[in-house]
Every structure is written in C-alpha cells, then in structure tokens.
>>> print(open('start.cif').read())   # mmCIF, C-alpha atoms
data_protein
loop_
_atom_site.label_atom_id
_atom_site.label_comp_id
_atom_site.auth_asym_id
_atom_site.auth_seq_id
_atom_site.Cartn_x
_atom_site.Cartn_y
_atom_site.Cartn_z
CA MET A 754 -10.43 -16.62 -7.81
CA ALA A 755 -12.52 -19.79 -7.94
CA LYS A 756 -14.41 -18.94 -4.77
CA PRO A 757 -14.58 -16.02 -2.35
CA LEU A 758 -11.78 -15.95 0.19
CA PRO A 759 -12.63 -15.94 3.90
CA ILE A 760 -12.23 -12.53 5.51
CA SER A 761 -8.88 -12.09 7.22
CA PRO A 762 -9.00 -12.61 11.00
CA LEU A 763 -7.03 -9.36 11.19
CA ALA A 764 -9.57 -7.37 9.14
CA SER A 765 -9.97 -3.70 9.97
CA PRO A 766 -13.49 -2.21 9.75
CA LEU A 767 -14.15 0.63 7.35
CA PRO A 768 -14.15 3.96 9.17
CA PRO A 769 -17.04 6.39 8.64
CA LEU A 770 -16.13 7.96 5.31
CA GLY A 771 -17.00 11.51 4.36
CA VAL A 772 -16.74 13.77 1.33
CA VAL A 773 -13.61 15.30 -0.15
CA ARG A 774 -14.77 18.45 -1.86
CA GLY A 775 -14.01 18.39 -5.56
CA VAL A 776 -13.98 14.58 -5.91
CA ARG A 777 -16.68 12.29 -7.29
CA LEU A 778 -16.16 8.55 -7.68
CA GLY A 779 -17.79 5.17 -8.06
CA ALA A 780 -17.49 1.60 -9.32
CA ILE A 781 -19.19 -0.69 -11.81
CA ALA A 782 -19.05 -4.34 -12.90
CA ALA A 783 -17.38 -4.30 -16.31
CA GLY A 784 -16.73 -8.04 -16.57
CA ILE A 785 -12.98 -7.58 -16.92
CA ARG A 786 -12.24 -10.80 -15.04
CA TYR A 787 -14.58 -11.22 -12.10
CA LYS A 788 -18.21 -12.25 -12.33
CA GLY A 789 -20.89 -10.61 -10.23
CA ARG A 790 -18.71 -7.94 -8.61
CA THR A 791 -17.45 -4.45 -9.36
CA ASP A 792 -14.06 -4.26 -11.05
CA LEU A 793 -13.84 -0.81 -12.64
CA VAL A 794 -13.43 2.39 -10.64
CA LEU A 795 -13.57 5.98 -11.82
CA ALA A 796 -12.78 9.16 -9.91
CA GLU A 797 -13.13 12.66 -11.34
CA PHE A 798 -11.63 15.82 -9.91
CA ASP A 799 -12.71 19.41 -10.36
CA GLU A 800 -10.61 21.47 -12.72
CA GLY A 801 -7.35 22.65 -11.20
CA ALA A 802 -6.60 19.57 -9.08
CA SER A 803 -2.92 18.91 -8.38
CA VAL A 804 -1.39 15.43 -8.15
CA ALA A 805 1.63 13.58 -6.77
CA GLY A 806 2.66 9.97 -7.24
CA VAL A 807 5.09 7.25 -6.27
CA PHE A 808 5.54 4.20 -8.48
CA THR A 809 7.05 0.74 -8.48
CA LYS A 810 10.78 0.38 -9.11
CA SER A 811 10.16 -2.86 -10.99
CA LYS A 812 12.08 -3.03 -14.26
CA CYS A 813 9.06 -4.74 -15.81
CA PRO A 814 6.27 -2.26 -15.00
CA GLY A 815 2.77 -2.41 -16.40
CA ALA A 816 1.62 -0.08 -19.15
CA PRO A 817 -0.62 1.89 -16.72
CA VAL A 818 2.43 2.65 -14.55
CA ASP A 819 4.26 4.08 -17.55
CA TRP A 820 1.18 6.09 -18.56
CA SER A 821 0.60 7.57 -15.11
CA ARG A 822 4.28 8.26 -14.49
CA GLU A 823 4.38 10.25 -17.73
CA SER A 824 1.13 12.06 -16.92
CA LEU A 825 2.52 13.06 -13.53
CA ARG A 826 4.99 15.38 -15.27
CA ASN A 827 2.16 17.84 -15.83
CA GLY A 828 1.14 17.90 -12.16
CA VAL A 829 -2.54 18.23 -13.07
CA ALA A 830 -5.31 15.63 -12.77
CA ARG A 831 -8.94 15.48 -13.85
CA ALA A 832 -9.65 11.74 -13.64
CA LEU A 833 -8.46 8.34 -12.41
CA VAL A 834 -9.49 5.02 -13.98
CA VAL A 835 -8.64 1.78 -12.15
CA ASN A 836 -9.50 -1.79 -13.08
CA ALA A 837 -9.12 -4.98 -11.05
CA GLY A 838 -8.55 -8.52 -12.30
CA ASN A 839 -6.12 -7.78 -15.14
CA ALA A 840 -2.85 -5.94 -14.47
CA ASN A 841 -2.20 -5.00 -18.13
CA VAL A 842 1.42 -6.06 -17.64
CA PHE A 843 3.67 -7.73 -20.22
CA THR A 844 1.05 -7.19 -22.91
CA GLY A 845 3.23 -5.36 -25.45
CA ARG A 846 1.70 -2.87 -27.83
CA ALA A 847 -1.78 -4.07 -26.91
CA GLY A 848 -1.27 -2.86 -23.34
CA ILE A 849 -0.07 0.55 -24.47
CA GLU A 850 -3.04 0.84 -26.82
CA THR A 851 -5.50 -0.07 -24.07
CA CYS A 852 -4.09 2.74 -21.96
CA ARG A 853 -4.37 5.24 -24.78
CA LEU A 854 -7.93 4.24 -25.66
CA THR A 855 -9.01 4.27 -22.01
CA ALA A 856 -7.50 7.69 -21.31
CA GLU A 857 -8.90 9.18 -24.49
CA ALA A 858 -12.37 7.81 -23.79
CA GLU A 859 -12.45 9.29 -20.29
CA ALA A 860 -10.89 12.54 -21.51
CA GLY A 861 -13.70 12.89 -24.03
CA LEU A 862 -16.30 12.43 -21.30
CA ALA A 863 -14.57 14.76 -18.84
CA ASN A 864 -13.56 17.33 -21.48
CA CYS A 865 -9.89 17.26 -20.57
CA SER A 866 -6.53 16.16 -21.95
CA ALA A 867 -5.83 12.42 -22.07
CA HIS A 868 -2.74 13.00 -19.92
CA GLU A 869 -4.89 14.50 -17.20
CA VAL A 870 -6.36 11.00 -16.86
CA PHE A 871 -4.40 8.66 -14.57
CA LEU A 872 -4.59 4.89 -15.01
CA ALA A 873 -3.96 1.93 -12.71
CA SER A 874 -4.54 -1.80 -13.10
CA THR A 875 -4.17 -4.78 -10.82
CA GLY A 876 -4.57 -8.50 -11.31
CA VAL A 877 -3.17 -11.22 -13.56
CA ILE A 878 0.03 -10.56 -15.53
CA GLY A 879 0.41 -11.39 -19.22
CA GLU A 880 -3.19 -11.35 -20.39
CA VAL A 881 -4.37 -8.66 -22.81
CA LEU A 882 -6.80 -6.21 -21.22
CA PRO A 883 -9.65 -5.56 -23.69
CA ALA A 884 -10.05 -1.79 -23.93
CA ASP A 885 -13.69 -2.02 -24.99
CA ARG A 886 -14.74 -3.55 -21.68
CA ILE A 887 -13.52 -0.37 -20.02
CA THR A 888 -14.51 2.21 -22.60
CA ASN A 889 -18.01 0.73 -23.02
CA ALA A 890 -18.60 0.89 -19.27
CA LEU A 891 -17.27 4.41 -18.68
CA PRO A 892 -20.39 6.40 -19.72
CA ASP A 893 -22.68 4.53 -17.31
CA LEU A 894 -20.05 4.62 -14.58
CA ARG A 895 -19.52 8.35 -15.01
CA ALA A 896 -23.25 9.02 -14.86
CA ALA A 897 -23.40 7.34 -11.46
CA LEU A 898 -20.44 9.10 -9.84
CA SER A 899 -21.06 10.47 -6.37
CA GLU A 900 -19.22 12.41 -3.68
CA ASP A 901 -20.15 9.46 -1.43
CA GLY A 902 -18.69 6.78 -3.69
CA TRP A 903 -15.61 6.05 -1.59
CA GLU A 904 -16.69 2.67 -0.22
CA ALA A 905 -17.76 1.48 -3.66
CA ALA A 906 -14.36 2.52 -5.00
CA ALA A 907 -12.53 0.74 -2.17
CA ARG A 908 -14.38 -2.47 -2.98
CA GLY A 909 -13.99 -2.07 -6.73
CA ILE A 910 -10.17 -2.16 -6.66
CA MET A 911 -9.95 -5.39 -4.63
CA THR A 912 -8.38 -8.58 -6.05
CA THR A 913 -7.39 -11.18 -3.44
CA ASP A 914 -8.16 -8.62 -0.74
CA THR A 915 -10.66 -9.94 1.79
CA PHE A 916 -11.81 -6.56 3.08
CA PRO A 917 -11.92 -2.99 1.68
CA LYS A 918 -9.35 -0.55 3.03
CA ALA A 919 -9.91 3.14 3.74
CA SER A 920 -8.71 5.85 6.12
CA VAL A 921 -9.65 9.47 6.81
CA ARG A 922 -8.29 12.39 8.83
CA ARG A 923 -9.52 15.96 9.27
CA VAL A 924 -7.20 18.84 10.21
CA GLU A 925 -6.69 22.53 9.53
CA ILE A 926 -4.23 24.52 7.46
CA GLY A 927 -4.08 28.08 8.71
CA GLY A 928 -7.58 27.85 10.13
CA ALA A 929 -9.12 26.27 7.02
CA ALA A 930 -10.75 22.86 7.53
CA VAL A 931 -9.12 20.15 5.41
CA THR A 932 -9.99 16.49 4.78
CA ILE A 933 -7.60 13.72 3.74
CA GLN A 934 -9.22 10.45 2.68
CA GLY A 935 -7.78 7.42 0.95
CA ILE A 936 -8.31 3.84 -0.15
CA ALA A 937 -5.91 0.99 -0.89
CA LYS A 938 -5.76 -2.54 -2.20
CA GLY A 939 -3.09 -5.11 -1.59
CA SER A 940 -2.81 -8.62 -0.30
CA GLY A 941 0.03 -10.45 -1.99
CA MET A 942 3.07 -9.58 -4.13
CA ILE A 943 3.81 -6.97 -1.48
CA ALA A 944 7.35 -5.76 -0.82
CA PRO A 945 8.46 -2.18 -0.37
CA ASP A 946 10.19 -0.83 -3.42
CA MET A 947 8.30 2.41 -3.62
CA ALA A 948 4.88 1.88 -2.18
CA THR A 949 3.54 -1.60 -2.95
CA MET A 950 0.03 -2.31 -4.22
CA LEU A 951 -2.37 0.48 -5.21
CA SER A 952 -3.47 3.39 -3.06
CA PHE A 953 -5.33 6.56 -3.91
CA ILE A 954 -5.65 9.49 -1.54
CA ALA A 955 -7.46 12.78 -2.05
CA THR A 956 -7.51 15.99 -0.08
CA ASP A 957 -9.36 19.25 -0.54
CA ALA A 958 -6.27 21.17 0.58
CA ALA A 959 -4.95 23.78 -1.83
CA LEU A 960 -1.36 22.63 -2.31
CA PRO A 961 0.82 22.66 -5.45
CA SER A 962 1.92 19.36 -6.91
CA ALA A 963 5.55 19.89 -5.84
CA VAL A 964 4.52 20.23 -2.19
CA LEU A 965 2.23 17.20 -2.42
CA GLN A 966 5.06 15.22 -4.01
CA THR A 967 7.49 15.97 -1.20
CA LEU A 968 4.94 15.10 1.48
CA LEU A 969 3.90 11.89 -0.27
CA SER A 970 7.43 10.67 -0.98
CA GLU A 971 8.46 11.23 2.63
CA GLY A 972 5.28 9.65 4.01
CA VAL A 973 5.58 6.57 1.82
CA GLY A 974 9.02 5.90 3.27
CA ARG A 975 7.49 5.60 6.72
CA SER A 976 4.47 3.55 5.65
CA PHE A 977 4.11 1.63 2.39
CA ASN A 978 7.87 1.31 2.04
CA ALA A 979 8.02 -0.10 5.57
CA ILE A 980 5.78 -3.12 4.97
CA THR A 981 6.27 -6.50 3.36
CA VAL A 982 4.01 -9.51 2.93
CA ASP A 983 6.09 -11.85 0.80
CA SER A 984 9.19 -9.93 -0.38
CA ASP A 985 7.84 -9.69 -3.95
CA THR A 986 7.59 -6.28 -5.61
CA SER A 987 4.62 -5.89 -7.95
CA THR A 988 4.85 -4.64 -11.51
CA SER A 989 1.82 -2.42 -10.91
CA ASP A 990 2.45 -0.59 -7.64
CA MET A 991 1.50 3.04 -7.32
CA VAL A 992 0.30 5.57 -4.79
CA LEU A 993 -1.37 8.74 -6.06
CA LEU A 994 -2.29 11.80 -4.00
CA PHE A 995 -4.73 14.34 -5.42
CA GLY A 996 -5.37 17.86 -4.11
CA THR A 997 -8.53 19.63 -5.24
CA GLY A 998 -7.87 23.00 -3.60
CA LYS A 999 -11.48 23.34 -2.46
CA ALA A 1000 -10.52 23.96 1.19
CA GLY A 1001 -9.49 27.49 0.29
CA ASN A 1002 -6.53 27.57 2.66
CA ALA A 1003 -3.87 30.27 2.36
CA PRO A 1004 -1.22 29.58 -0.29
CA VAL A 1005 1.62 27.25 0.69
CA THR A 1006 4.72 27.02 -1.47
CA SER A 1007 7.03 24.81 0.57
CA ALA A 1008 6.56 21.41 2.18
CA SER A 1009 8.56 22.68 5.15
CA ASP A 1010 6.06 25.47 5.88
CA PRO A 1011 5.10 25.24 9.60
CA ALA A 1012 1.47 25.70 8.54
CA LEU A 1013 1.60 22.15 7.17
CA SER A 1014 2.69 20.43 10.38
CA ALA A 1015 -0.77 19.08 11.26
CA PHE A 1016 -1.47 18.21 7.61
CA ARG A 1017 1.80 16.29 7.30
CA GLU A 1018 1.06 14.33 10.48
CA ALA A 1019 -2.47 13.53 9.28
CA LEU A 1020 -1.28 12.44 5.83
CA ASP A 1021 1.35 10.19 7.43
CA ALA A 1022 -1.37 8.68 9.62
CA VAL A 1023 -3.59 7.92 6.61
CA LEU A 1024 -0.68 6.34 4.73
CA LEU A 1025 0.28 4.19 7.71
CA ASP A 1026 -3.33 3.16 8.33
CA LEU A 1027 -3.64 1.94 4.76
CA ALA A 1028 -0.24 0.25 4.74
CA LEU A 1029 -0.98 -1.69 7.91
CA MET A 1030 -4.36 -2.77 6.50
CA VAL A 1031 -2.47 -4.27 3.57
CA VAL A 1032 -0.31 -6.24 6.02
CA ARG A 1033 -3.38 -7.32 7.98
CA ASP A 1034 -4.88 -8.62 4.74
CA GLY A 1035 -1.71 -10.37 3.64
CA GLU A 1036 -2.64 -13.53 1.79
CA GLY A 1037 -3.29 -16.20 4.40
CA ALA A 1038 -2.19 -13.93 7.27
CA THR A 1039 -3.26 -14.65 10.84
CA LYS A 1040 -0.82 -12.36 12.66
CA GLN A 1041 0.61 -8.88 12.18
CA ILE A 1042 4.30 -8.57 13.06
CA ARG A 1043 6.12 -5.38 14.04
CA VAL A 1044 9.93 -5.57 13.75
CA ALA A 1045 11.88 -2.76 15.41
CA VAL A 1046 15.66 -2.55 15.07
CA LYS A 1047 17.91 -0.11 16.90
CA GLY A 1048 21.61 0.19 17.57
CA ALA A 1049 22.57 -0.19 13.90
CA VAL A 1050 25.44 1.72 12.30
CA SER A 1051 22.88 3.76 10.33
CA ASP A 1052 19.15 4.00 9.70
CA ALA A 1053 19.69 2.43 6.28
CA SER A 1054 21.50 -0.51 7.83
CA ALA A 1055 18.78 -0.92 10.46
CA ARG A 1056 16.20 -1.06 7.67
CA VAL A 1057 18.05 -3.84 5.86
CA VAL A 1058 18.25 -5.86 9.09
CA ALA A 1059 14.59 -5.29 9.87
CA MET A 1060 13.55 -6.36 6.38
CA ALA A 1061 15.72 -9.48 6.57
CA ILE A 1062 13.82 -10.50 9.69
CA ALA A 1063 10.42 -9.52 8.27
CA ASN A 1064 10.99 -11.38 5.00
CA SER A 1065 12.46 -14.55 6.47
CA PRO A 1066 10.19 -17.53 5.73
CA LEU A 1067 11.60 -19.25 8.81
CA VAL A 1068 10.72 -16.33 11.08
CA LYS A 1069 7.28 -15.95 9.50
CA THR A 1070 6.40 -19.65 9.70
CA ALA A 1071 7.59 -19.89 13.29
CA ILE A 1072 5.24 -17.07 14.19
CA ALA A 1073 2.43 -18.73 12.25
CA GLY A 1074 3.03 -21.79 14.41
CA GLU A 1075 3.19 -19.63 17.56
CA ASP A 1076 6.74 -20.83 18.20
CA ALA A 1077 8.94 -18.36 20.10
CA ASN A 1078 11.95 -19.42 18.05
CA TRP A 1079 14.20 -16.42 18.60
CA GLY A 1080 17.13 -18.26 17.01
CA ARG A 1081 15.55 -17.60 13.64
CA VAL A 1082 15.70 -13.87 14.34
CA VAL A 1083 19.42 -14.20 15.09
CA MET A 1084 19.81 -16.11 11.83
CA ALA A 1085 18.11 -13.34 9.85
CA VAL A 1086 20.31 -10.67 11.44
CA GLY A 1087 23.44 -12.62 10.62
CA LYS A 1088 22.59 -13.40 7.00
CA CYS A 1089 21.71 -9.93 5.72
CA GLY A 1090 25.23 -8.64 5.21
CA GLU A 1091 24.93 -5.62 7.50
CA PRO A 1092 27.34 -4.93 10.40
CA ALA A 1093 26.43 -7.07 13.43
CA ASP A 1094 28.23 -8.48 16.43
CA ARG A 1095 26.74 -11.48 18.20
CA ASN A 1096 28.32 -10.38 21.47
CA ARG A 1097 26.46 -7.06 21.35
CA LEU A 1098 23.17 -8.31 19.97
CA SER A 1099 19.99 -8.52 22.02
CA VAL A 1100 16.60 -9.94 20.98
CA ALA A 1101 13.20 -9.44 22.58
CA MET A 1102 9.73 -10.73 21.78
CA GLY A 1103 6.59 -9.27 23.27
CA GLY A 1104 8.70 -6.92 25.35
CA VAL A 1105 10.63 -9.76 27.00
CA THR A 1106 14.39 -9.78 26.41
CA ILE A 1107 15.39 -13.32 25.50
CA ALA A 1108 19.02 -13.06 24.44
CA ARG A 1109 21.69 -10.50 25.23
CA GLU A 1110 25.44 -10.24 24.57
CA GLY A 1111 25.70 -13.51 22.71
CA ALA A 1112 23.73 -15.72 25.09
CA VAL A 1113 20.30 -16.43 26.50
CA VAL A 1114 19.40 -14.17 29.42
CA ALA A 1115 20.03 -15.94 32.74
CA GLY A 1116 16.81 -17.29 34.18
CA TYR A 1117 14.86 -16.66 30.97
CA ASP A 1118 11.23 -17.76 31.38
CA GLU A 1119 9.55 -18.45 28.04
CA THR A 1120 6.02 -18.46 29.51
CA PRO A 1121 5.09 -14.80 28.78
CA VAL A 1122 6.66 -15.00 25.33
CA VAL A 1123 4.65 -18.13 24.49
CA ALA A 1124 1.50 -16.28 25.59
CA HIS A 1125 2.45 -13.31 23.39
CA MET A 1126 2.92 -15.57 20.36
CA LYS A 1127 -0.68 -16.73 20.66
CA GLY A 1128 -1.95 -13.18 20.04
CA GLN A 1129 -2.61 -11.48 16.72
CA ASP A 1130 -0.09 -8.65 17.08
CA ILE A 1131 3.50 -9.84 17.46
CA GLU A 1132 6.41 -7.60 18.44
CA ILE A 1133 10.07 -8.33 17.74
CA ASP A 1134 12.75 -5.95 19.00
CA VAL A 1135 16.43 -6.18 18.09
CA ASP A 1136 19.27 -4.05 19.44
CA LEU A 1137 22.53 -4.42 17.49
CA GLY A 1138 24.49 -2.35 20.01
CA LEU A 1139 26.65 -0.71 17.34
CA GLY A 1140 25.29 2.80 16.77
CA ASP A 1141 22.24 5.03 16.58
CA GLY A 1142 20.53 3.60 13.49
CA VAL A 1143 16.86 2.69 13.87
CA ALA A 1144 14.09 1.28 11.68
CA THR A 1145 10.61 -0.17 12.12
CA VAL A 1146 8.84 -2.36 9.58
CA TRP A 1147 5.69 -4.46 9.56
CA THR A 1148 4.89 -7.83 8.06
CA CYS A 1149 2.61 -10.81 8.59
CA ASP A 1150 3.05 -14.52 9.19
CA LEU A 1151 3.33 -17.12 6.44
CA THR A 1152 0.68 -19.83 6.47
CA HIS A 1153 -0.55 -22.54 4.14
CA GLY A 1154 -3.27 -20.10 3.11
CA TYR A 1155 -0.68 -18.17 1.10
CA ILE A 1156 0.04 -21.30 -0.93
CA ASP A 1157 -3.65 -22.05 -1.41
CA ILE A 1158 -4.30 -18.56 -2.81
CA ASN A 1159 -1.26 -18.27 -5.05
CA GLY A 1160 -1.25 -21.86 -6.23
CA SER A 1161 -4.59 -21.26 -7.96
CA TYR A 1162 -4.48 -17.52 -8.66
CA ARG A 1163 -5.29 -17.81 -12.37
CA SER A 1164 -7.88 -20.57 -12.04
#
>>> encode(input="start.cif", output="structure tokens")
Amino acid sequence: MAKPLPISPLASPLPPLGVVRGVRLGAIAAGIRYKGRTDLVLAEFDEGASVAGVFTKSKCPGAPVDWSRESLRNGVARALVVNAGNANVFTGRAGIETCRLTAEAEAGLANCSAHEVFLASTGVIGEVLPADRITNALPDLRAALSEDGWEAAARGIMTTDTFPKASVRRVEIGGAAVTIQGIAKGSGMIAPDMATMLSFIATDAALPSAVLQTLLSEGVGRSFNAITVDSDTSTSDMVLLFGTGKAGNAPVTSASDPALSAFREALDAVLLDLALMVVRDGEGATKQIRVAVKGAVSDASARVVAMAIANSPLVKTAIAGEDANWGRVVMAVGKCGEPADRNRLSVAMGGVTIAREGAVVAGYDETPVVAHMKGQDIEIDVDLGLGDGVATVWTCDLTHGYIDINGSYRS
C-alpha cells in the first residue's frame, strides 16, 4: 500500500499470548513487497507434530495452496513458511518452482522432508515471487526463532490488515493441561468457501491428524465459513492446525471421544475469535453485523438466506449510513432463491421486530432501531416461519474506505 492504513475502529486488542510447547516462530523483513516491515514468517515444530488443514475451494488456487494440500496427505509437519505481499498465484511454473525451492531450503535447515514444510502466501496476484528473497532470509530468520514469537508472526502475515489478530485458550484433556493458540490475517477478498484468508493455530495436545482434521473442519463451518466481508473468495485461503503432542495427554483416537469436549469448545472459540477479528478488520469497515436466520426449511437454506443478506451491497451500505432500511433485508431474502413466504416473514433489528406477516408491525417506533444503527455492533434477525432451519453469519458494512483500499491495491 502507498501509505499505512488507519487502524479499524473495530480493532480487537491482542490478548496476552503464551507459549505452545513444541513450537518456535518469528518474522523478518525480507523485502518481498513491503518496505520497512516484516513480511516473512517461519514456524518450526518439534518432531512428531500432527497437522490438519482446510483450503480454498477456488478453481484458481495459488501454488502454495497446492503444495500444502499435497503435504497434508502425510499428516506430519515440521515447519511453516508464510510470506505477505505476494500471493504467488497465477505465476505458472515459476510459482511451483518457488514453492519447491522454499520448502527444500527450509527442509535443509530443519533436517526434514520438503513435504513436512507447509507454505502459505498472501498479497498481489499474478506477480512472480522471487524464491531467493525467501531462501536468503531463512537462515537468519530461523536463528531468531522463539517460543514467544507469536506476536511477531501475527504482524508478519498482515497485508491490508490494520491490526494483528490472535486468540488463545487453555483447557485440559483427561487432566493434562493443554494450550490452543492461533493467529490470522484477513481484511478483504473474504467470503466463506472453506475458511477465508490465512489462519494458523497450534496446540500442544497429543492428537492424531485425523482427529485434528475432524475438529478443524467442523469448527471452520461455525466460524471462518460463517463470515463474509465482500463475497469474494481468495485464491490463497487456508487454515492449518498443528498439534505438537507435548501436553502428554492420554491417547485419543476419535474426535467424538468425550475427553475432547472441553478441547473442542476451546478450539471453536479460538476459531470464532479469529474469524470475527477478520470481519472487524474488513477493509473500510466501521460496523460488525450479525445476521441470524431461523424458521427456514433447513439449516442449509437458512445459511443461503443469511449470506444473501450479509453480502447485499444495499444492506451493507444502508448500515454504513446508519439507515434502518429493513426493506433491503426483505429484498435480500426474496432474491436468494430459497423458500420464503412474505406472509410468514418477520424482520427485527437490534432486537426490535419491525415487520411481521407481510406488513410493518402496528405502532412500530423506529427510535430504538435508529439508536441501534448508530452503534458498532449491528444485529439483524429474520424468521422465515417455514421450518426449523437456523444459521448465523457475520459481516461488516460497506464504506467508501473499501473502494479507497482496493482501487489502489497494487500502487
């Protein structure tokens, strides 16, 4: 970007971050695109770490997505290399070669297989990512890795983000203390079609990759796949979850094991924390919006309706202008192609029911709704009155700031 972006008015402060046993990480300025800031992140995991991942469903994914998706087949991880500023997308053979050279360079330093090295990139599409800027920086970066390098890593993966994003929870598995800690980046080109943006979570729990994969896939559905900033799915999205096993908990072989109930809840909380921070840092955002739909014919149908509301430019701009224009919500419900009946539909904003059974509620007073629209956290509730299907998604408003950022992204 030509100049630093102002911090989002919805910015969340970094929580006190701790150590995840078996993980060391850090960041360095490699000059990949940005000047005077870190843009290359490395994390290393003790031998024996398991891994799970969820990736973009884009049909035009970046080379790092292909590399990491293939590496995931082994279920073992020793390192993660992430760069910001250049997405290494639509770069042909050069992009594939950069991935190979990067992974092999880190594998040589960490004394592991190249496919135990996971790769992620974020930034501009269509520009070749010079491998030497990464490989030349790796030795110095590796020498400076620290168990306390989480904040540096969170800042090092930022692009148009205006604040670093991290979350942590501590629970027990069968009496053994376990930590779950993660970071994320994301600001624009955010729409749920797996997980959106980049996020990396580590835990010292001893869990096999298959168990981690089930927990992550389910948790992503309730978090990263339930947010949208601008309806655009990135070519580079991925969420990776690493388990070092250093907690020494009793063996767990199934994700449905009751011993994992607290862990599952804590992991879901970390994922949702990070997902909502992405929404709160949506490019140009001034308001977070929660859209809850019930009464649909199915949960899947409720989700489509909720996303139609959350992605509507008319809904999002009305909220940016603090206009309680509930008619735009009705419009979004009607356009999405899911079963709906205007004579059963009800709409509420800020907990105030505005319309019910095809008409405005008798005696409706807009005053409390107008007051609600002036806040930073907006709530929209829709009841279709057709069934038991429910869904909740989160988005942000659409302001001129989004145009300012994306109209000059490459300059």
>>> resolve_selection(input="start.cif", expression="the PyMOL selection byres ((chain A and resi 1027) around 12)", output="ChimeraX atom specification")
/A:764-768,907,916-921,934-940,948-954,972-973,975-980,992,1020-1026,1028-1034
>>> resolve_selection(input="start.cif", expression="the PyMOL selection byres ((chain A and resi 1061) around 9)", output="CSV table (one decimal) with C-alpha atoms, keeping the file's coordinate frame")
chain,number,residue,atom,x,y,z
A,1056,ARG,CA,16.2,-1.1,7.7
A,1057,VAL,CA,18.0,-3.8,5.9
A,1058,VAL,CA,18.2,-5.9,9.1
A,1059,ALA,CA,14.6,-5.3,9.9
A,1060,MET,CA,13.6,-6.4,6.4
A,1062,ILE,CA,13.8,-10.5,9.7
A,1063,ALA,CA,10.4,-9.5,8.3
A,1064,ASN,CA,11.0,-11.4,5.0
A,1065,SER,CA,12.5,-14.6,6.5
A,1082,VAL,CA,15.7,-13.9,14.3
A,1085,ALA,CA,18.1,-13.3,9.8
A,1086,VAL,CA,20.3,-10.7,11.4
A,1088,LYS,CA,22.6,-13.4,7.0
A,1089,CYS,CA,21.7,-9.9,5.7
>>> resolve_selection(input="start.cif", expression="the PyMOL selection byres ((chain A and resi 879-881) around 8)", output="number ranges by chain")
A: 839-844, 847-848, 877-878, 882-883
>>> atom_distance(input="start.cif", atom1="CA of Cys1149 (chain A)", atom2="CA of Met1102 (chain A)")
15.0 Å
>>> closest_residue(input="start.cif", among="A:Ser989, A:Gln966, A:Ser1051, A:Ser866", to="Ser824 (chain A)", atoms="only C-alpha atoms")
A:Ser866
>>> atom_distance(input="start.cif", atom1="CA of Arg831 (chain A)", atom2="CA of Ala860 (chain A)")
8.4 Å
>>> closest_residue(input="start.cif", among="A:Leu1139, A:Lys1127, A:Asp1052, A:Glu857", to="Asp1094 (chain A)", atoms="all atoms listed in the file")
A:Leu1139
>>> closest_residue(input="start.cif", among="A:Ala1003, A:Ala955, A:Leu993, A:Val1046", to="Asp1136 (chain A)", atoms="only C-alpha atoms")
A:Val1046
>>> closest_residue(input="start.cif", among="A:Trp1079, A:Tyr1155, A:Phe995, A:Trp820", to="Val1122 (chain A)", atoms="only C-alpha atoms")
A:Trp1079
>>> atom_distance(input="start.cif", atom1="CA of Ala1045 (chain A)", atom2="CA of Gly1142 (chain A)")
10.9 Å
>>> closest_residue(input="start.cif", among="A:Leu1137, A:Ile926, A:Leu778, A:Ala1115", to="Asp901 (chain A)", atoms="all atoms listed in the file")
A:Leu778
>>> residues_around(input="start.cif", residues="Gln1129 (chain A)", least_positions_apart="4", cutoff="8 Å", atoms="only C-alpha atoms", output="list in words")
Leu763, Thr1039, Lys1040 and Gln1041 of chain A
>>> residues_near_point(input="start.cif", point="(6.9, -13.4, 22.4)", cutoff="6 Å", atoms="only C-alpha atoms", output="PyMOL selection string")
chain A and resi 1077+1102-1103+1122-1123+1125-1126
>>> closest_residue(input="start.cif", among="A:Ala1144, A:Val1114, A:Leu968, A:Ile1158", to="Phe1016 (chain A)", atoms="all atoms listed in the file")
A:Leu968
>>> residues_around(input="start.cif", residues="Asp893 (chain A)", least_positions_apart="6", cutoff="12 Å", atoms="all atoms listed in the file", output="ChimeraX atom specification")
/A:779-783,793-795,859,862,887
>>> residues_around(input="start.cif", residues="Val964 (chain A)", least_positions_apart="3", cutoff="9 Å", atoms="only C-alpha atoms", output="MDAnalysis selection string")
chainID A and resid 805 960:961 967:969 1005:1009
>>> write_last_selection(input="start.cif", atoms="C-alpha atoms", output="CSV table (one decimal), in the coordinates of the input")
chain,number,residue,atom,x,y,z
A,805,ALA,CA,1.6,13.6,-6.8
A,960,LEU,CA,-1.4,22.6,-2.3
A,961,PRO,CA,0.8,22.7,-5.4
A,967,THR,CA,7.5,16.0,-1.2
A,968,LEU,CA,4.9,15.1,1.5
A,969,LEU,CA,3.9,11.9,-0.3
A,1005,VAL,CA,1.6,27.2,0.7
A,1006,THR,CA,4.7,27.0,-1.5
A,1007,SER,CA,7.0,24.8,0.6
A,1008,ALA,CA,6.6,21.4,2.2
A,1009,SER,CA,8.6,22.7,5.2
>>> residues_around(input="start.cif", residues="region 910-912 of chain A", least_positions_apart="3", cutoff="7 Å", atoms="only C-alpha atoms", output="PyMOL selection string")
chain A and resi 792+794+835-838+876+906-907+938
